[in-house]
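Reproduced below: entry_29.cif, with mmCIF, C-alpha atoms, pLDDT in the B column; chains and numbers go by the auth columns.
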```
data_upload
loop_
_atom_site.group_PDB
_atom_site.id
_atom_site.type_symbol
_atom_site.label_atom_id
_atom_site.label_comp_id
_atom_site.label_asym_id
_atom_site.label_seq_id
_atom_site.Cartn_x
_atom_site.Cartn_y
_atom_site.Cartn_z
_atom_site.B_iso_or_equiv
_atom_site.auth_seq_id
_atom_site.auth_asym_id
ATOM 1 C CA MET A 1 6.374 -15.771 67.679 66.00 26 A
ATOM 2 C CA PRO A 2 4.363 -13.625 65.228 74.00 27 A
ATOM 3 C CA ARG A 3 5.523 -10.072 64.665 70.00 28 A
ATOM 4 C CA PRO A 4 3.162 -7.147 64.089 66.00 29 A
ATOM 5 C CA ALA A 5 2.654 -5.974 60.538 64.00 30 A
ATOM 6 C CA LEU A 6 5.076 -3.371 59.240 63.00 31 A
ATOM 7 C CA LEU A 7 2.521 -0.539 59.275 61.00 32 A
ATOM 8 C CA ALA A 8 0.724 -1.595 62.482 63.00 33 A
ATOM 9 C CA ALA A 9 2.352 1.213 64.483 65.00 34 A
ATOM 10 C CA ALA A 10 0.837 3.744 62.070 62.00 35 A
ATOM 11 C CA THR A 11 -2.514 3.532 63.851 66.00 36 A
ATOM 12 C CA ARG A 12 -0.811 5.072 66.908 72.00 37 A
ATOM 13 C CA LEU A 13 0.439 8.128 65.014 76.00 38 A
ATOM 14 C CA PRO A 14 -1.006 11.522 65.947 85.00 39 A
ATOM 15 C CA THR A 15 -3.912 12.599 63.736 82.00 40 A
ATOM 16 C CA PRO A 16 -1.873 14.789 61.331 86.00 41 A
ATOM 17 C CA GLY A 17 0.541 11.886 60.796 88.00 42 A
ATOM 18 C CA ARG A 18 -2.336 9.532 60.067 91.00 43 A
ATOM 19 C CA TYR A 19 -3.736 11.966 57.491 93.00 44 A
ATOM 20 C CA GLY A 20 -0.288 12.258 55.927 93.00 45 A
ATOM 21 C CA LEU A 21 -0.065 8.477 55.754 93.00 46 A
ATOM 22 C CA LEU A 22 -3.528 8.335 54.170 93.00 47 A
ATOM 23 C CA VAL A 23 -2.646 10.893 51.494 95.00 48 A
ATOM 24 C CA LEU A 24 0.665 9.146 50.797 95.00 49 A
ATOM 25 C CA GLY A 25 -1.142 5.821 50.468 95.00 50 A
ATOM 26 C CA LEU A 26 -3.739 7.289 48.102 96.00 51 A
ATOM 27 C CA ALA A 27 -1.029 8.936 45.990 97.00 52 A
ATOM 28 C CA LEU A 28 0.855 5.627 45.769 97.00 53 A
ATOM 29 C CA TYR A 29 -2.388 3.826 44.948 96.00 54 A
ATOM 30 C CA SER A 30 -3.028 6.264 42.102 96.00 55 A
ATOM 31 C CA LEU A 31 0.536 5.864 40.857 97.00 56 A
ATOM 32 C CA ALA A 32 0.099 2.082 40.893 96.00 57 A
ATOM 33 C CA LEU A 33 -3.114 2.339 38.880 96.00 58 A
ATOM 34 C CA ARG A 34 -1.482 4.742 36.435 96.00 59 A
ATOM 35 C CA LEU A 35 1.516 2.397 35.982 96.00 60 A
ATOM 36 C CA MET A 36 -0.841 -0.474 35.178 95.00 61 A
ATOM 37 C CA LEU A 37 -3.002 1.642 32.866 95.00 62 A
ATOM 38 C CA ASP A 38 -0.068 3.024 30.892 95.00 63 A
ATOM 39 C CA ALA A 39 1.515 -0.422 30.596 95.00 64 A
ATOM 40 C CA ARG A 40 -1.466 -1.345 28.394 94.00 65 A
ATOM 41 C CA VAL A 41 -1.491 -5.047 29.295 94.00 66 A
ATOM 42 C CA GLY A 42 -4.357 -5.064 31.811 89.00 67 A
ATOM 43 C CA VAL A 43 -6.241 -2.925 34.294 89.00 68 A
ATOM 44 C CA ALA A 44 -7.904 -3.154 37.675 85.00 69 A
ATOM 45 C CA PRO A 45 -11.673 -3.872 37.498 88.00 70 A
ATOM 46 C CA TRP A 46 -12.890 -0.366 38.304 90.00 71 A
ATOM 47 C CA GLU A 47 -10.412 1.127 35.865 91.00 72 A
ATOM 48 C CA ALA A 48 -11.911 -1.040 33.109 93.00 73 A
ATOM 49 C CA PHE A 49 -15.273 0.576 33.884 95.00 74 A
ATOM 50 C CA HIS A 50 -13.780 4.068 34.104 95.00 75 A
ATOM 51 C CA LEU A 51 -11.962 3.636 30.791 94.00 76 A
ATOM 52 C CA GLY A 52 -15.187 2.480 29.151 95.00 77 A
ATOM 53 C CA VAL A 53 -17.007 5.581 30.361 96.00 78 A
ATOM 54 C CA THR A 54 -14.230 7.869 29.080 95.00 79 A
ATOM 55 C CA ARG A 55 -14.761 6.383 25.624 96.00 80 A
ATOM 56 C CA HIS A 56 -18.363 7.651 25.625 97.00 81 A
ATOM 57 C CA LEU A 57 -18.202 10.888 27.614 96.00 82 A
ATOM 58 C CA PRO A 58 -15.825 13.860 27.345 97.00 83 A
ATOM 59 C CA LEU A 59 -14.381 13.253 30.816 97.00 84 A
ATOM 60 C CA THR A 60 -10.923 12.350 32.055 96.00 85 A
ATOM 61 C CA LEU A 61 -10.249 9.059 33.802 96.00 86 A
ATOM 62 C CA GLY A 62 -9.873 10.899 37.101 96.00 87 A
ATOM 63 C CA MET A 63 -13.187 12.703 36.691 97.00 88 A
ATOM 64 C CA VAL A 64 -14.980 9.434 35.977 97.00 89 A
ATOM 65 C CA SER A 65 -13.291 7.874 39.001 97.00 90 A
ATOM 66 C CA ILE A 66 -14.455 10.727 41.238 97.00 91 A
ATOM 67 C CA LEU A 67 -18.012 10.736 39.887 97.00 92 A
ATOM 68 C CA THR A 68 -18.295 6.958 40.230 97.00 93 A
ATOM 69 C CA GLY A 69 -16.933 7.110 43.763 96.00 94 A
ATOM 70 C CA VAL A 70 -19.329 9.894 44.771 96.00 95 A
ATOM 71 C CA GLY A 71 -22.243 7.872 43.408 95.00 96 A
ATOM 72 C CA ILE A 72 -21.248 4.674 45.189 95.00 97 A
ATOM 73 C CA VAL A 73 -20.516 6.410 48.492 94.00 98 A
ATOM 74 C CA ALA A 74 -23.778 8.371 48.319 94.00 99 A
ATOM 75 C CA LEU A 75 -25.789 5.206 47.647 94.00 100 A
ATOM 76 C CA SER A 76 -23.987 3.361 50.433 92.00 101 A
ATOM 77 C CA ALA A 77 -24.591 6.191 52.888 90.00 102 A
ATOM 78 C CA LEU A 78 -28.217 6.802 51.969 91.00 103 A
ATOM 79 C CA TRP A 79 -29.480 3.339 51.137 92.00 104 A
ATOM 80 C CA LEU A 80 -27.323 1.105 53.320 89.00 105 A
ATOM 81 C CA ARG A 81 -26.775 3.677 56.101 86.00 106 A
ATOM 82 C CA GLU A 82 -22.998 3.178 55.965 85.00 107 A
ATOM 83 C CA ARG A 83 -20.968 5.753 57.853 86.00 108 A
ATOM 84 C CA VAL A 84 -18.707 7.800 55.589 88.00 109 A
ATOM 85 C CA GLY A 85 -15.343 8.540 57.179 89.00 110 A
ATOM 86 C CA PRO A 86 -12.818 11.177 56.170 90.00 111 A
ATOM 87 C CA GLY A 87 -10.651 8.488 54.586 90.00 112 A
ATOM 88 C CA THR A 88 -13.509 7.493 52.303 92.00 113 A
ATOM 89 C CA VAL A 89 -14.085 11.080 51.179 93.00 114 A
ATOM 90 C CA LEU A 90 -10.382 11.654 50.540 95.00 115 A
ATOM 91 C CA ASN A 91 -10.172 8.312 48.712 94.00 116 A
ATOM 92 C CA VAL A 92 -12.949 9.322 46.320 95.00 117 A
ATOM 93 C CA LEU A 93 -11.487 12.755 45.627 96.00 118 A
ATOM 94 C CA LEU A 94 -7.740 12.193 45.668 97.00 119 A
ATOM 95 C CA ILE A 95 -7.393 8.997 43.655 96.00 120 A
ATOM 96 C CA GLY A 96 -9.180 10.604 40.708 96.00 121 A
ATOM 97 C CA LEU A 97 -7.205 13.819 41.075 97.00 122 A
ATOM 98 C CA PHE A 98 -3.877 11.979 41.308 97.00 123 A
ATOM 99 C CA LEU A 99 -4.768 9.767 38.319 96.00 124 A
ATOM 100 C CA ASP A 100 -5.104 12.860 36.134 97.00 125 A
ATOM 101 C CA VAL A 101 -2.084 14.694 37.592 97.00 126 A
ATOM 102 C CA LEU A 102 0.195 11.666 37.166 97.00 127 A
ATOM 103 C CA ALA A 103 -0.936 10.912 33.587 95.00 128 A
ATOM 104 C CA PRO A 104 1.776 12.949 31.829 95.00 129 A
ATOM 105 C CA LEU A 105 4.477 11.835 34.280 96.00 130 A
ATOM 106 C CA VAL A 106 4.228 8.047 33.989 95.00 131 A
ATOM 107 C CA PRO A 107 6.185 6.420 31.155 90.00 132 A
ATOM 108 C CA ASP A 108 4.457 4.769 28.235 91.00 133 A
ATOM 109 C CA PRO A 109 6.782 1.826 27.472 93.00 134 A
ATOM 110 C CA ALA A 110 7.056 0.733 23.861 91.00 135 A
ATOM 111 C CA GLY A 111 8.109 -2.917 24.076 94.00 136 A
ATOM 112 C CA LEU A 112 5.999 -5.706 25.505 96.00 137 A
ATOM 113 C CA PRO A 113 8.627 -6.840 28.062 96.00 138 A
ATOM 114 C CA ALA A 114 8.925 -3.282 29.419 96.00 139 A
ATOM 115 C CA ARG A 115 5.137 -2.971 29.577 96.00 140 A
ATOM 116 C CA TRP A 116 4.906 -6.195 31.611 97.00 141 A
ATOM 117 C CA VAL A 117 7.623 -4.984 33.983 96.00 142 A
ATOM 118 C CA GLN A 118 5.769 -1.695 34.471 96.00 143 A
ATOM 119 C CA PHE A 119 2.505 -3.555 35.031 97.00 144 A
ATOM 120 C CA GLY A 120 4.166 -5.835 37.609 96.00 145 A
ATOM 121 C CA LEU A 121 5.589 -2.817 39.423 97.00 146 A
ATOM 122 C CA GLY A 122 2.105 -1.325 39.480 96.00 147 A
ATOM 123 C CA VAL A 123 0.583 -4.490 40.953 95.00 148 A
ATOM 124 C CA GLY A 124 3.257 -4.668 43.647 96.00 149 A
ATOM 125 C CA LEU A 125 2.904 -0.985 44.479 97.00 150 A
ATOM 126 C CA LEU A 126 -0.879 -1.400 44.667 95.00 151 A
ATOM 127 C CA GLY A 127 -0.475 -3.846 47.550 94.00 152 A
ATOM 128 C CA LEU A 128 1.899 -1.552 49.445 94.00 153 A
ATOM 129 C CA ALA A 129 -0.321 1.471 48.796 95.00 154 A
ATOM 130 C CA THR A 130 -3.426 -0.329 50.029 92.00 155 A
ATOM 131 C CA GLY A 131 -1.685 -1.300 53.252 91.00 156 A
ATOM 132 C CA THR A 132 -0.467 2.273 53.675 91.00 157 A
ATOM 133 C CA TYR A 133 -3.826 4.000 53.381 90.00 158 A
ATOM 134 C CA VAL A 134 -5.653 1.334 55.376 90.00 159 A
ATOM 135 C CA ALA A 135 -3.021 1.631 58.144 89.00 160 A
ATOM 136 C CA ALA A 136 -4.040 5.254 58.623 88.00 161 A
ATOM 137 C CA GLY A 137 -7.309 3.923 60.082 87.00 162 A
ATOM 138 C CA LEU A 138 -9.439 6.832 58.876 83.00 163 A
ATOM 139 C CA GLY A 139 -12.272 4.895 57.244 73.00 164 A
#
```

Take the structure in the file and write it out as structure tokens.
Amino acid sequence: MPRPALLAAATRLPTPGRYGLLVLGLALYSLALRLMLDARVGVAPWEAFHLGVTRHLPLTLGMVSILTGVGIVALSALWLRERVGPGTVLNVLLIGLFLDVLAPLVPDPAGLPARWVQFGLGVGLLGLATGTYVAAGLG
């Protein structure tokens, strides 16, 4: 008999709990991205774009992430008439903010094996973080 997903009960949390879960998920997501970035062996697709922009403009990675997100959400809302939920707004703002705040806190491993371990931890955490913020059910 199939069992419900680990975070399935999160959708029944009271609203403040769901917002807490969303913020936790977005913080973990940012930490996962930062682990992968600082491992210097590969990046998520949007981070490749954001890094490229930071090479040409005097902006931090987080600022580029926020500006890109605002642009995409605005186009989606205006052109495609997509509803923008509070989770979407917090996603756009908090991931960029957390990326910059976490930058000095995440290790920068020297050896290639350590970098691959850090990257693998980031990939694994990315999956958990995605499930966490999606479980909040706030759009």

Using all atoms listed in the file, which protein or nucleic acid residues come within 10 Å of range 75-81 of chain A? Drop anything in the same chain fewer than 6 positions from it, and give the result as a PyMOL selection string.
chain A and resi 62+68-69+87-93

For a test of reading the model, state the distance in Å between CA of Leu124 in chain A and CA of Arg65 in chain A, rounded to one decimal.
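Calculated distance between CA of Leu124 in chain A and CA of Arg65 in chain A is 15.3 Å.
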
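Interatomic distance, CA of Gly145 in chain A to CA of Val159 in chain A: 21.5 Å.
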
Could you tell me, as an NGL selection string, which residues have any atom at most 8 Å from (-2.1, 7.6, 53.2), counting all atoms listed in the file?
:A and (43-52 or 154 or 157-161)

Applied to this file, what does the PyMOL selection byres ((chain A and resi 108-117) around 6) return in terms of residues, put as a VMD selection string?
chain A and resid 91 94 107 118 to 120 163 to 164

The selected residues should be written to file as an mmCIF file, in the coordinates of the input (atoms: C-alpha atoms).
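Now in again_2.cif:
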```
data_model
loop_
_atom_site.group_PDB
_atom_site.id
_atom_site.type_symbol
_atom_site.label_atom_id
_atom_site.label_comp_id
_atom_site.auth_asym_id
_atom_site.auth_seq_id
_atom_site.Cartn_x
_atom_site.Cartn_y
_atom_site.Cartn_z
ATOM 1 C CA ILE A 91 -14.455 10.727 41.238
ATOM 2 C CA GLY A 94 -16.933 7.110 43.763
ATOM 3 C CA GLU A 107 -22.998 3.178 55.965
ATOM 4 C CA LEU A 118 -11.487 12.755 45.627
ATOM 5 C CA LEU A 119 -7.740 12.193 45.668
ATOM 6 C CA ILE A 120 -7.393 8.997 43.655
ATOM 7 C CA LEU A 163 -9.439 6.832 58.876
ATOM 8 C CA GLY A 164 -12.272 4.895 57.244
#
```

Could you give me the centre and size, in Å to one decimal, of an axis-aligned box around all listed atoms of range 122-132 of chain A with 3 Å added on every side, as JSON?
```
{"center_x": -0.5, "center_y": 10.6, "center_z": 36.2, "size_x": 19.4, "size_y": 14.3, "size_z": 16.2}
```
